[in-house]
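Source file: input17.cif; contents: mmCIF, C-alpha atoms.
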data_my_file
#
loop_
_atom_site.label_atom_id
_atom_site.label_comp_id
_atom_site.auth_asym_id
_atom_site.auth_seq_id
_atom_site.Cartn_x
_atom_site.Cartn_y
_atom_site.Cartn_z
CA MET A 1 1.83 -20.49 14.87
CA ALA A 2 3.24 -23.20 12.62
CA SER A 3 6.39 -25.14 13.42
CA TRP A 4 9.64 -24.24 11.69
CA ARG A 5 9.46 -27.54 9.75
CA GLU A 6 6.01 -26.70 8.41
CA ALA A 7 7.30 -23.26 7.47
CA PHE A 8 10.15 -24.81 5.45
CA ASP A 9 7.78 -27.29 3.78
CA THR A 10 5.80 -24.42 2.32
CA TYR A 11 8.72 -23.65 -0.01
CA ARG A 12 8.47 -27.12 -1.57
CA GLN A 13 5.24 -26.33 -3.41
CA PRO A 14 5.87 -26.57 -7.21
CA ARG A 15 3.71 -23.54 -7.98
CA LEU A 16 6.24 -21.32 -6.24
CA LEU A 17 8.66 -21.93 -9.13
CA ALA A 18 6.41 -20.12 -11.62
CA ILE A 19 6.07 -17.26 -9.16
CA LEU A 20 9.88 -17.13 -8.89
CA PHE A 21 10.32 -16.62 -12.65
CA MET A 22 7.48 -14.12 -12.87
CA GLY A 23 9.16 -12.22 -10.05
CA PHE A 24 12.30 -12.10 -12.19
CA SER A 25 10.33 -10.49 -15.00
CA SER A 26 8.92 -7.91 -12.57
CA GLY A 27 12.24 -7.02 -10.99
CA LEU A 28 14.24 -6.66 -14.20
CA PRO A 29 12.80 -3.31 -15.47
CA LEU A 30 12.74 -1.55 -12.09
CA ALA A 31 16.51 -1.14 -11.73
CA LEU A 32 16.77 -0.01 -15.35
CA THR A 33 14.80 3.11 -14.40
CA GLY A 34 16.22 3.15 -10.85
CA SER A 35 19.67 2.33 -9.47
CA THR A 36 21.29 1.37 -12.79
CA LEU A 37 19.95 4.48 -14.45
CA ASN A 38 21.10 6.52 -11.43
CA TYR A 39 24.64 5.16 -11.86
CA TRP A 40 24.54 6.03 -15.55
CA LEU A 41 23.34 9.55 -14.75
CA ARG A 42 25.96 10.14 -12.03
CA GLU A 43 28.67 8.82 -14.33
CA GLN A 44 27.60 11.48 -16.86
CA GLY A 45 27.96 14.20 -14.21
CA ILE A 46 24.25 14.67 -13.47
CA SER A 47 23.71 16.36 -10.07
CA ARG A 48 22.30 14.55 -7.06
CA THR A 49 19.30 16.87 -7.06
CA ALA A 50 18.55 15.95 -10.68
CA ILE A 51 19.01 12.25 -9.91
CA GLY A 52 16.51 12.56 -7.09
CA LEU A 53 14.01 14.20 -9.44
CA PHE A 54 14.69 11.52 -12.04
CA SER A 55 13.08 9.03 -9.66
CA LEU A 56 9.76 10.62 -10.69
CA VAL A 57 9.99 8.77 -14.01
CA GLY A 58 8.57 5.88 -12.01
CA ILE A 59 5.35 7.74 -11.24
CA ALA A 60 3.46 4.96 -13.05
CA TYR A 61 4.12 2.70 -10.06
CA VAL A 62 2.16 5.21 -7.97
CA LEU A 63 -0.71 5.65 -10.43
CA LYS A 64 -1.12 2.07 -11.66
CA PHE A 65 -4.29 1.59 -9.64
CA VAL A 66 -5.96 4.01 -12.09
CA TRP A 67 -5.81 1.58 -15.02
CA SER A 68 -5.60 -1.66 -13.00
CA PRO A 69 -9.42 -2.19 -13.22
CA ILE A 70 -9.09 -2.39 -17.00
CA ILE A 71 -6.45 -5.12 -16.73
CA ASP A 72 -8.42 -6.83 -13.97
CA HIS A 73 -11.79 -6.93 -15.73
CA LEU A 74 -11.44 -6.22 -19.47
CA PRO A 75 -10.48 -9.22 -21.64
CA ILE A 76 -8.33 -9.01 -24.75
CA PRO A 77 -10.68 -10.58 -27.34
CA ALA A 78 -8.00 -12.10 -29.57
CA LEU A 79 -6.04 -13.67 -26.72
CA THR A 80 -8.17 -14.24 -23.63
CA LYS A 81 -10.14 -17.19 -24.99
CA ARG A 82 -6.94 -19.06 -25.80
CA LEU A 83 -4.59 -17.96 -23.03
CA GLY A 84 -6.83 -16.81 -20.20
CA ARG A 85 -7.29 -13.40 -18.60
CA ARG A 86 -3.97 -13.10 -16.73
CA ARG A 87 -1.72 -14.72 -19.32
CA SER A 88 -3.10 -12.73 -22.25
CA TRP A 89 -2.55 -9.41 -20.51
CA ALA A 90 0.94 -10.43 -19.36
CA LEU A 91 2.15 -11.29 -22.85
CA ALA A 92 0.47 -8.23 -24.36
CA ILE A 93 2.49 -6.06 -21.97
CA GLN A 94 5.83 -7.90 -21.92
CA VAL A 95 6.56 -7.62 -25.65
CA PRO A 96 6.36 -3.79 -25.86
CA LEU A 97 8.16 -3.59 -22.50
CA ALA A 98 11.17 -5.38 -23.96
CA LEU A 99 11.16 -2.98 -26.92
CA ALA A 100 10.94 0.06 -24.62
CA ILE A 101 13.96 -1.14 -22.62
CA LEU A 102 15.90 -1.46 -25.87
CA VAL A 103 14.98 2.12 -26.88
CA LEU A 104 15.98 3.50 -23.46
CA GLY A 105 19.49 2.13 -23.93
CA PHE A 106 19.96 4.14 -27.12
CA THR A 107 19.24 7.51 -25.47
CA ASP A 108 21.95 9.90 -24.22
CA PRO A 109 21.24 11.47 -20.80
CA ALA A 110 24.22 13.81 -21.08
CA THR A 111 22.97 15.58 -24.21
CA SER A 112 19.22 14.79 -24.19
CA PRO A 113 18.11 14.10 -20.62
CA LEU A 114 14.45 14.74 -21.46
CA VAL A 115 14.50 12.01 -24.11
CA THR A 116 16.03 9.62 -21.59
CA ALA A 117 13.40 10.59 -19.04
CA LEU A 118 10.57 10.04 -21.56
CA ALA A 119 11.88 6.61 -22.51
CA ALA A 120 12.23 5.72 -18.82
CA VAL A 121 8.62 6.82 -18.22
CA VAL A 122 7.42 4.41 -20.92
CA VAL A 123 9.45 1.55 -19.44
CA ALA A 124 8.08 2.30 -15.97
CA PHE A 125 4.49 2.45 -17.25
CA LEU A 126 4.73 -0.94 -18.94
CA SER A 127 6.62 -2.41 -16.00
CA ALA A 128 3.96 -1.21 -13.56
CA SER A 129 1.27 -2.69 -15.81
CA GLN A 130 3.11 -6.03 -15.86
CA ASP A 131 3.23 -5.95 -12.06
CA ILE A 132 -0.56 -5.65 -11.91
CA VAL A 133 -0.90 -8.96 -13.74
CA VAL A 134 1.91 -10.81 -11.96
CA ASP A 135 0.76 -9.77 -8.48
CA ALA A 136 -2.81 -10.87 -9.21
CA TYR A 137 -1.60 -14.22 -10.51
CA ARG A 138 0.42 -14.87 -7.35
CA ILE A 139 -2.38 -13.97 -4.96
CA GLU A 140 -4.99 -16.04 -6.82
CA LEU A 141 -2.70 -19.06 -6.95
CA LEU A 142 -1.65 -19.30 -3.29
CA ARG A 143 -3.55 -20.22 -0.16
CA PRO A 144 -3.54 -17.75 2.77
CA ARG A 145 -0.91 -19.68 4.76
CA GLU A 146 1.36 -19.75 1.68
CA GLN A 147 1.36 -15.99 1.15
CA GLY A 148 4.50 -15.54 3.23
CA ALA A 149 6.42 -18.12 1.21
CA GLY A 150 4.88 -16.73 -1.97
CA ALA A 151 6.03 -13.26 -1.05
CA ALA A 152 9.53 -14.62 -0.43
CA SER A 153 9.50 -16.55 -3.72
CA THR A 154 8.40 -13.56 -5.78
CA GLN A 155 10.98 -11.41 -3.99
CA TRP A 156 13.67 -13.99 -4.78
CA GLY A 157 12.76 -13.85 -8.43
CA TYR A 158 12.47 -10.09 -8.21
CA ARG A 159 15.99 -9.85 -6.80
CA PHE A 160 17.33 -12.16 -9.49
CA GLY A 161 15.85 -9.68 -11.96
CA VAL A 162 17.50 -6.81 -10.12
CA LEU A 163 20.75 -8.80 -10.11
CA ALA A 164 20.59 -9.08 -13.89
CA SER A 165 19.73 -5.41 -14.45
CA THR A 166 22.43 -4.16 -12.07
CA VAL A 167 25.43 -6.49 -11.86
CA VAL A 168 25.19 -7.92 -15.37
CA ALA A 169 24.29 -4.54 -16.87
CA LEU A 170 27.16 -2.76 -15.12
CA HIS A 171 29.68 -5.40 -16.23
CA VAL A 172 28.63 -5.66 -19.88
CA GLU A 173 28.41 -1.86 -20.17
CA LYS A 174 32.20 -1.74 -19.95
CA PHE A 175 32.50 -3.83 -23.12
CA GLY A 176 29.59 -2.72 -25.26
CA GLY A 177 28.32 0.52 -23.72
CA TRP A 178 24.94 1.31 -22.23
CA SER A 179 23.07 0.52 -25.47
CA PHE A 180 24.41 -3.03 -25.42
CA ALA A 181 23.68 -3.42 -21.70
CA TYR A 182 20.06 -2.32 -22.04
CA GLY A 183 19.66 -4.40 -25.19
CA LEU A 184 20.73 -7.50 -23.29
CA MET A 185 18.20 -6.69 -20.57
CA ALA A 186 15.50 -6.51 -23.25
CA VAL A 187 16.45 -10.05 -24.29
CA PHE A 188 16.22 -11.20 -20.65
CA MET A 189 12.53 -10.23 -20.67
CA SER A 190 11.98 -13.46 -22.62
CA VAL A 191 12.25 -15.30 -19.28
CA GLY A 192 8.94 -13.80 -18.17
CA MET A 193 7.32 -14.36 -21.56
CA LEU A 194 8.31 -18.04 -21.61
CA THR A 195 7.09 -18.54 -18.04
CA VAL A 196 3.70 -17.05 -18.81
CA TRP A 197 3.40 -19.13 -21.97
CA LEU A 198 4.14 -22.40 -20.16
CA THR A 199 2.24 -21.76 -16.92
CA PRO A 200 -1.47 -22.65 -16.65
CA GLU A 201 -3.94 -19.88 -15.98
CA PRO A 202 -5.11 -19.77 -12.34
CA THR A 203 -8.86 -20.09 -11.93
CA ALA A 204 -10.77 -17.50 -9.95
CA GLU A 205 -14.47 -16.90 -9.67
CA LEU A 206 -15.46 -13.92 -11.82
CA PRO A 207 -18.55 -11.77 -11.34
CA ALA A 208 -21.51 -12.56 -13.58
CA SER A 209 -21.78 -10.51 -16.77
CA PRO A 210 -24.27 -7.65 -16.38
CA THR A 211 -27.54 -7.81 -18.28
CA GLY A 212 -29.80 -5.16 -19.79
CA ASP A 213 -29.32 -2.53 -22.47
CA THR A 214 -25.92 -1.15 -23.45
CA GLY A 215 -26.03 1.77 -21.01
CA THR A 216 -27.08 -0.46 -18.11
CA ARG A 217 -24.35 -3.00 -18.85
CA LEU A 218 -21.73 -0.24 -19.14
CA ARG A 219 -22.73 1.33 -15.83
CA ALA A 220 -22.73 -2.07 -14.14
CA TRP A 221 -19.29 -2.89 -15.56
CA LEU A 222 -17.83 0.45 -14.48
CA GLU A 223 -19.23 0.00 -10.99
CA GLU A 224 -17.84 -3.52 -10.71
CA ALA A 225 -14.43 -2.65 -12.17
CA PHE A 226 -13.77 0.87 -10.82
CA VAL A 227 -16.03 1.41 -7.81
CA ALA A 228 -16.47 -1.90 -6.00
CA PRO A 229 -12.75 -2.68 -5.40
CA PHE A 230 -12.12 0.67 -3.72
CA ALA A 231 -15.44 0.67 -1.87
CA ASP A 232 -14.47 -2.73 -0.44
CA VAL A 233 -11.28 -1.18 0.97
CA PHE A 234 -12.83 2.01 2.29
CA LYS A 235 -15.57 0.23 4.24
CA ARG A 236 -13.04 -1.70 6.33
CA PRO A 237 -12.48 -0.65 9.96
CA HIS A 238 -9.51 1.70 10.42
CA TRP A 239 -8.89 1.84 6.66
CA VAL A 240 -7.10 5.19 7.00
CA ALA A 241 -4.54 3.69 9.37
CA ILE A 242 -4.08 0.69 7.06
CA LEU A 243 -3.35 2.87 4.03
CA LEU A 244 -1.09 5.18 6.05
CA PHE A 245 0.88 2.18 7.27
CA ILE A 246 1.39 1.00 3.68
CA VAL A 247 2.81 4.40 2.73
CA LEU A 248 5.14 4.71 5.70
CA TYR A 249 6.38 1.18 6.52
CA LYS A 250 9.40 1.17 4.18
CA TYR A 251 9.79 4.91 3.69
CA GLY A 252 13.09 5.17 5.57
CA ASP A 253 14.51 2.21 3.68
CA ALA A 254 13.41 3.73 0.35
CA LEU A 255 14.85 7.15 1.17
CA ALA A 256 18.23 5.66 2.03
CA GLY A 257 18.22 3.33 -0.98
CA LEU A 258 17.64 6.19 -3.41
CA MET A 259 20.94 7.82 -2.45
CA SER A 260 22.99 4.67 -1.91
CA THR A 261 24.41 4.60 -5.45
CA PRO A 262 25.41 8.30 -5.46
CA LEU A 263 27.10 7.61 -2.07
CA TYR A 264 29.18 4.81 -3.62
CA VAL A 265 30.24 7.07 -6.49
CA ASP A 266 31.16 9.93 -4.16
CA LEU A 267 33.23 7.60 -1.97
CA GLY A 268 35.26 6.58 -5.01
CA PHE A 269 34.12 2.98 -5.44
CA THR A 270 34.73 1.69 -8.96
CA THR A 271 32.13 0.16 -11.28
CA ASP A 272 33.47 -3.34 -10.54
CA GLU A 273 33.37 -2.75 -6.79
CA VAL A 274 29.81 -1.47 -6.93
CA ALA A 275 28.71 -4.31 -9.21
CA ASN A 276 30.38 -7.11 -7.25
CA ILE A 277 29.69 -5.97 -3.69
CA SER A 278 26.72 -3.64 -3.69
CA LYS A 279 24.83 -5.43 -6.44
CA LEU A 280 25.95 -9.08 -6.72
CA PHE A 281 26.70 -9.68 -3.05
CA GLY A 282 23.90 -7.31 -2.04
CA VAL A 283 21.24 -9.11 -4.05
CA GLY A 284 22.39 -12.41 -2.57
CA ALA A 285 22.06 -10.94 0.91
CA THR A 286 18.59 -9.67 0.05
CA MET A 287 17.49 -13.10 -1.12
CA VAL A 288 18.68 -14.57 2.17
CA GLY A 289 16.64 -11.87 3.88
CA VAL A 290 13.42 -12.51 1.94
CA ALA A 291 13.70 -16.27 2.54
CA ALA A 292 14.19 -15.60 6.25
CA GLY A 293 11.30 -13.13 6.18
CA GLY A 294 8.99 -15.74 4.65
CA LEU A 295 9.94 -18.20 7.40
CA VAL A 296 9.43 -15.58 10.10
CA VAL A 297 5.93 -14.82 8.78
CA ALA A 298 5.02 -18.52 8.72
CA ARG A 299 6.45 -19.08 12.21
CA LEU A 300 5.60 -15.92 14.16
CA GLY A 301 2.53 -14.59 12.40
CA LEU A 302 1.99 -11.54 10.26
CA TYR A 303 1.87 -8.61 12.69
CA THR A 304 4.75 -9.79 14.90
CA SER A 305 6.86 -10.35 11.79
CA LEU A 306 6.07 -6.87 10.43
CA LEU A 307 7.13 -5.29 13.71
CA PHE A 308 10.34 -7.29 14.11
CA CYS A 309 11.41 -6.89 10.47
CA GLY A 310 10.48 -3.20 10.48
CA VAL A 311 12.64 -2.44 13.51
CA VAL A 312 15.72 -4.22 12.18
CA GLN A 313 15.43 -2.73 8.66
CA ASN A 314 15.29 0.80 10.08
CA LEU A 315 18.29 0.22 12.36
CA ALA A 316 20.23 -1.23 9.43
CA THR A 317 19.86 2.04 7.50
CA LEU A 318 22.46 3.49 9.86
CA MET A 319 25.06 1.26 8.19
CA TYR A 320 25.10 3.73 5.29
CA ALA A 321 26.15 6.42 7.76
CA ALA A 322 28.91 4.15 9.08
CA LEU A 323 30.10 3.58 5.50
CA ALA A 324 30.18 7.34 4.86
CA VAL A 325 32.46 7.74 7.89
CA SER A 326 34.74 4.87 6.81
CA GLY A 327 35.18 6.17 3.27
CA HIS A 328 36.54 3.91 0.52
CA ASP A 329 36.69 0.72 2.60
CA LEU A 330 35.70 -2.48 0.79
CA ASN A 331 35.24 -4.45 4.01
CA MET A 332 32.90 -1.82 5.41
CA LEU A 333 31.03 -1.69 2.11
CA ALA A 334 30.49 -5.45 2.22
CA LEU A 335 29.37 -5.35 5.87
CA SER A 336 26.95 -2.48 5.39
CA VAL A 337 25.50 -4.01 2.22
CA ALA A 338 25.08 -7.38 3.94
CA ILE A 339 23.27 -6.00 6.99
CA GLU A 340 21.09 -3.51 5.12
CA ASN A 341 20.07 -5.93 2.39
CA VAL A 342 19.30 -8.90 4.65
CA THR A 343 17.09 -6.80 6.91
CA GLY A 344 15.52 -4.97 3.98
CA GLY A 345 14.69 -8.32 2.37
CA MET A 346 13.07 -9.53 5.59
CA GLY A 347 10.93 -6.39 5.72
CA SER A 348 9.94 -6.79 2.06
CA ALA A 349 8.81 -10.39 2.51
CA ALA A 350 6.66 -9.56 5.52
CA PHE A 351 5.27 -6.45 3.81
CA VAL A 352 4.32 -8.22 0.56
CA ALA A 353 2.63 -10.98 2.58
CA TYR A 354 0.60 -8.33 4.40
CA LEU A 355 -0.46 -6.61 1.17
CA SER A 356 -1.45 -9.94 -0.33
CA ARG A 357 -3.62 -10.83 2.66
CA LEU A 358 -5.42 -7.49 2.36
CA CYS A 359 -6.79 -8.36 -1.08
CA THR A 360 -10.27 -9.72 -1.80
CA VAL A 361 -10.06 -12.39 -4.51
CA SER A 362 -12.81 -10.78 -6.60
CA PHE A 363 -10.69 -7.62 -6.95
CA THR A 364 -7.17 -9.04 -6.71
CA ALA A 365 -5.40 -7.04 -9.41
CA THR A 366 -7.06 -3.71 -8.64
CA GLN A 367 -6.67 -3.85 -4.87
CA TYR A 368 -3.06 -5.04 -4.93
CA ALA A 369 -2.30 -2.33 -7.48
CA LEU A 370 -3.76 0.22 -5.07
CA PHE A 371 -1.78 -1.10 -2.10
CA SER A 372 1.50 -1.41 -3.97
CA ALA A 373 0.95 2.03 -5.53
CA LEU A 374 0.76 3.53 -2.05
CA PHE A 375 4.08 1.91 -1.24
CA ALA A 376 5.49 3.23 -4.52
CA PHE A 377 4.29 6.70 -3.52
CA SER A 378 6.74 6.71 -0.61
CA ARG A 379 9.51 5.13 -2.71
CA ILE A 380 9.13 7.52 -5.66
CA VAL A 381 7.33 10.71 -4.65
CA LEU A 382 8.14 11.11 -0.95
CA SER A 383 11.74 10.02 -1.56
CA ALA A 384 12.28 12.34 -4.54
CA PRO A 385 13.42 15.30 -2.36
CA GLY A 386 16.10 12.99 -0.93
CA GLY A 387 18.62 14.20 -3.50
CA TRP A 388 17.89 17.82 -2.59
CA LEU A 389 18.37 16.97 1.10
CA ALA A 390 21.61 15.08 0.40
CA ASP A 391 22.97 18.11 -1.45
CA ARG A 392 22.40 20.28 1.66
CA VAL A 393 23.58 18.06 4.50
CA GLU A 394 26.48 15.67 4.91
CA TRP A 395 26.02 11.98 4.21
CA VAL A 396 25.97 10.95 7.89
CA PRO A 397 23.10 13.29 8.93
CA PHE A 398 21.20 12.31 5.80
CA PHE A 399 21.17 8.61 6.64
CA ILE A 400 20.32 9.30 10.28
CA ILE A 401 17.30 11.24 9.02
CA ALA A 402 16.45 8.32 6.71
CA ALA A 403 16.53 5.89 9.65
CA ALA A 404 14.25 8.18 11.67
CA ALA A 405 11.84 8.39 8.71
CA GLY A 406 10.88 4.76 9.31
CA ILE A 407 9.63 5.33 12.86
CA PRO A 408 6.15 6.74 12.02
CA GLY A 409 5.29 3.58 10.09
CA LEU A 410 6.12 1.42 13.11
CA LEU A 411 3.94 3.60 15.34
CA VAL A 412 1.00 3.12 12.97
CA LEU A 413 1.70 -0.64 12.99
CA LEU A 414 1.47 -0.73 16.79
CA ARG A 415 -1.95 0.89 16.53
CA LEU A 416 -3.11 -1.67 13.98
CA MET A 417 -1.83 -4.54 16.14
CA ARG A 418 -4.06 -3.36 19.00
CA ARG A 419 -7.21 -2.58 17.01
CA VAL A 420 -7.34 -4.46 13.70
CA PRO A 421 -7.33 -8.27 13.33
CA VAL A 422 -4.83 -9.88 10.98
CA PRO A 423 -6.30 -9.77 7.43
CA ALA A 424 -7.83 -13.11 6.45
CA ALA A 425 -7.58 -13.58 2.69
CA GLU A 426 -9.94 -15.89 0.82
CA LYS A 427 -8.71 -19.32 -0.18
CA ALA A 428 -7.03 -19.30 -3.57
CA ALA A 429 -8.47 -21.34 -6.38
CA PRO A 430 -6.48 -24.42 -7.46
CA LEU A 431 -4.23 -24.17 -10.49
CA THR A 432 -5.94 -25.64 -13.55
CA ARG A 433 -5.53 -25.12 -17.25
CA THR A 434 -8.34 -23.17 -18.84
CA ALA A 435 -9.57 -23.45 -22.38
#
Please express the file's structure as structure tokens.
Amino acid sequence: MASWREAFDTYRQPRLLAILFMGFSSGLPLALTGSTLNYWLREQGISRTAIGLFSLVGIAYVLKFVWSPIIDHLPIPALTKRLGRRRSWALAIQVPLALAILVLGFTDPATSPLVTALAAVVVAFLSASQDIVVDAYRIELLRPREQGAGAASTQWGYRFGVLASTVVALHVEKFGGWSFAYGLMAVFMSVGMLTVWLTPEPTAELPASPTGDTGTRLRAWLEEAFVAPFADVFKRPHWVAILLFIVLYKYGDALAGLMSTPLYVDLGFTTDEVANISKLFGVGATMVGVAAGGLVVARLGLYTSLLFCGVVQNLATLMYAALAVSGHDLNMLALSVAIENVTGGMGSAAFVAYLSRLCTVSFTATQYALFSALFAFSRIVLSAPGGWLADRVEWVPFFIIAAAAGIPGLLVLLRLMRRVPVPAAEKAAPLTRTA
């Protein structure tokens, strides 16, 4: 285990700055199809059950592993030679993503909810595709011992993106409406575009091009792109337990988070109160949590950090229940947001570090897409009935159930700690500019 000073020194690496800004670009679209959209829907009188089902617009985050091999292995002829594999795909995705965010803001969920849902699906698809590229870039750039700090850095940037698409969006909506708010978020996507344009392409060893006739080359490419990454995962010892852990680790936290915004509305908190405390203060608390989580990983090791952070994040979910009992109490709102977001940020940093260490460099984008898609499955699909459940029980029992939903993931973790060594990722290639 490294000393605390060595853990802090990890954050001084210049390459973490690029990861920070790319994290911003990844986090920005998520809230626009998540919590911000949920607030917009609830404000328009949409039921909690419908809001829960609306979370399914993010199904692309669950299915992104399906097309991740294309992004991982197929170059864009007009761009790859000049920009590199990762940068060309990033820019090719970010431009239409900004346009899709703009279109989403001009829909009307009160009169045409299906149109809003369709636009949100497009935003989520492009956002998930951007994540494939950004996650691969981060993993290829960092050394194994830096993955904890890298996870914290990308989560910091991610939370800055969430801060923009929640606090800023909620405030400017009062002056210019939702179309103006979403339009401004589309402009903010230029942060990610500029970062990609100015950041050198990371180098990573690529498999040799297949030889032979067209059919032989095609079969070899399909095997390398679509079969080999998954075969590499499925041949690992206890792979079922590993994948189950990924699904369950943050399930309780995701279930509670889905209904947090409807809880604030039902308790009578105003837009300003939600923006300033739940979003602005909450994102700051989360960033403290992810920084602390990165230090904990560097100091205590991966498995111990996952267990510690997992326990505290599940216990913190009960703060939502305490808030429901307190009612419209700004002090209790601030306390519950602080505790839940700090612990949730710690869990996220440890979890992202674990997913990163699971990846083989030859299949970075595809494997991380698979792992993060499994996490998205719990956040989007398994959590979708949360609105239905919240409509049928009181808020306090709902959040107690959400806290209990995190226990199975910790039990699987205990099994992995006894039987599976800590994943040892390959050394990342140094950052160099490619032709």
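This file, filtered with the PyMOL selection byres ((chain A and resi 226-233) around 8), gives the residues Pro69, Leu222, Glu223, Glu224, Ala225, Phe234, Lys235, Arg236, Trp239, Phe363, Thr366 and Gln367 of chain A.
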Emit the selected residues as a compact mmCIF listing (two decimals), in the frame of the given file, including C-alpha atoms.
# COMPACT_ATOMS: atom_id res chain seq x y z
CA PRO A 69 -9.42 -2.19 -13.22
CA LEU A 222 -17.83 0.45 -14.48
CA GLU A 223 -19.23 0.00 -10.99
CA GLU A 224 -17.84 -3.52 -10.71
CA ALA A 225 -14.43 -2.65 -12.17
CA PHE A 234 -12.83 2.01 2.29
CA LYS A 235 -15.57 0.23 4.24
CA ARG A 236 -13.04 -1.70 6.33
CA TRP A 239 -8.89 1.84 6.66
CA PHE A 363 -10.69 -7.62 -6.95
CA THR A 366 -7.06 -3.71 -8.64
CA GLN A 367 -6.67 -3.85 -4.87
(request) List the residues selected by the PyMOL selection byres ((chain A and resi 248-264) around 7) in the file shown, writing them as number ranges by chain. (result) A: 35, 39, 42, 244-247, 265-269, 314, 317, 378-379, 383, 386-387, 399, 402-406, 408-410
(request) For the file shown, report as a ChimeraX atom specification the outcome of the PyMOL selection byres ((chain A and resi 323) around 10) at residue level. (result) /A:263-264,267,318-322,324-337,395-396
Quick one: residues within 10 Å of Phe54 in chain A, all atoms listed in the file counted, chain neighbours fewer than 6 positions away excluded, as a PDB file with C-alpha atoms, keeping the file's coordinate frame?
ATOM      1  CA  THR A  33      14.800   3.110 -14.400  1.00  0.00           C
ATOM      2  CA  GLY A  34      16.220   3.150 -10.850  1.00  0.00           C
ATOM      3  CA  LEU A  37      19.950   4.480 -14.450  1.00  0.00           C
ATOM      4  CA  ASN A  38      21.100   6.520 -11.430  1.00  0.00           C
ATOM      5  CA  LEU A  41      23.340   9.550 -14.750  1.00  0.00           C
ATOM      6  CA  ARG A  48      22.300  14.550  -7.060  1.00  0.00           C
ATOM      7  CA  PRO A 113      18.110  14.100 -20.620  1.00  0.00           C
ATOM      8  CA  LEU A 114      14.450  14.740 -21.460  1.00  0.00           C
ATOM      9  CA  THR A 116      16.030   9.620 -21.590  1.00  0.00           C
ATOM     10  CA  ALA A 117      13.400  10.590 -19.040  1.00  0.00           C
ATOM     11  CA  ALA A 120      12.230   5.720 -18.820  1.00  0.00           C
ATOM     12  CA  VAL A 121       8.620   6.820 -18.220  1.00  0.00           C
ATOM     13  CA  ILE A 380       9.130   7.520  -5.660  1.00  0.00           C
ATOM     14  CA  ALA A 384      12.280  12.340  -4.540  1.00  0.00           C
ATOM     15  CA  GLY A 387      18.620  14.200  -3.500  1.00  0.00           C
TER      16      GLY A 387
END
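Restricting the calculation to all atoms listed in the file, the smallest distance between Ser26 in chain A and any of A:Leu83, A:Leu126, A:Leu102, A:Leu382 is found for A:Leu126.
In this structure, CA of Ala365 in chain A sits 22.3 Å away from CA of Gly347 in chain A.
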(message) I'd like the neighbourhood of Phe308 in chain A as a ChimeraX atom specification, where a residue qualifies if any of its atoms comes within 10 Å (using all atoms listed in the file), though same-chain residues fewer than 4 positions away should be ignored.
(response) /A:293,296,300,303-304,312-313,343,346-347,350,410
Residues from the last selection, C-alpha atoms, saved as a CSV table (one decimal), in the frame of the given file:
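Saved result, selection38.csv, follows:
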chain,number,residue,atom,x,y,z
A,293,GLY,CA,11.3,-13.1,6.2
A,296,VAL,CA,9.4,-15.6,10.1
A,300,LEU,CA,5.6,-15.9,14.2
A,303,TYR,CA,1.9,-8.6,12.7
A,304,THR,CA,4.8,-9.8,14.9
A,312,VAL,CA,15.7,-4.2,12.2
A,313,GLN,CA,15.4,-2.7,8.7
A,343,THR,CA,17.1,-6.8,6.9
A,346,MET,CA,13.1,-9.5,5.6
A,347,GLY,CA,10.9,-6.4,5.7
A,350,ALA,CA,6.7,-9.6,5.5
A,410,LEU,CA,6.1,1.4,13.1
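Protein and nucleic acid residues near (18.4, -14.6, -20.8) are Phe21, Phe24, Ser25, Leu28, Phe160, Gly161, Ala164, Ser165, Val168, Gly183, Leu184, Met185, Ala186, Val187, Phe188, Met189, Ser190, Val191, Gly192, Met193 and Leu194 of chain A, the criterion being any atom at most 12 Å away using all atoms listed in the file.
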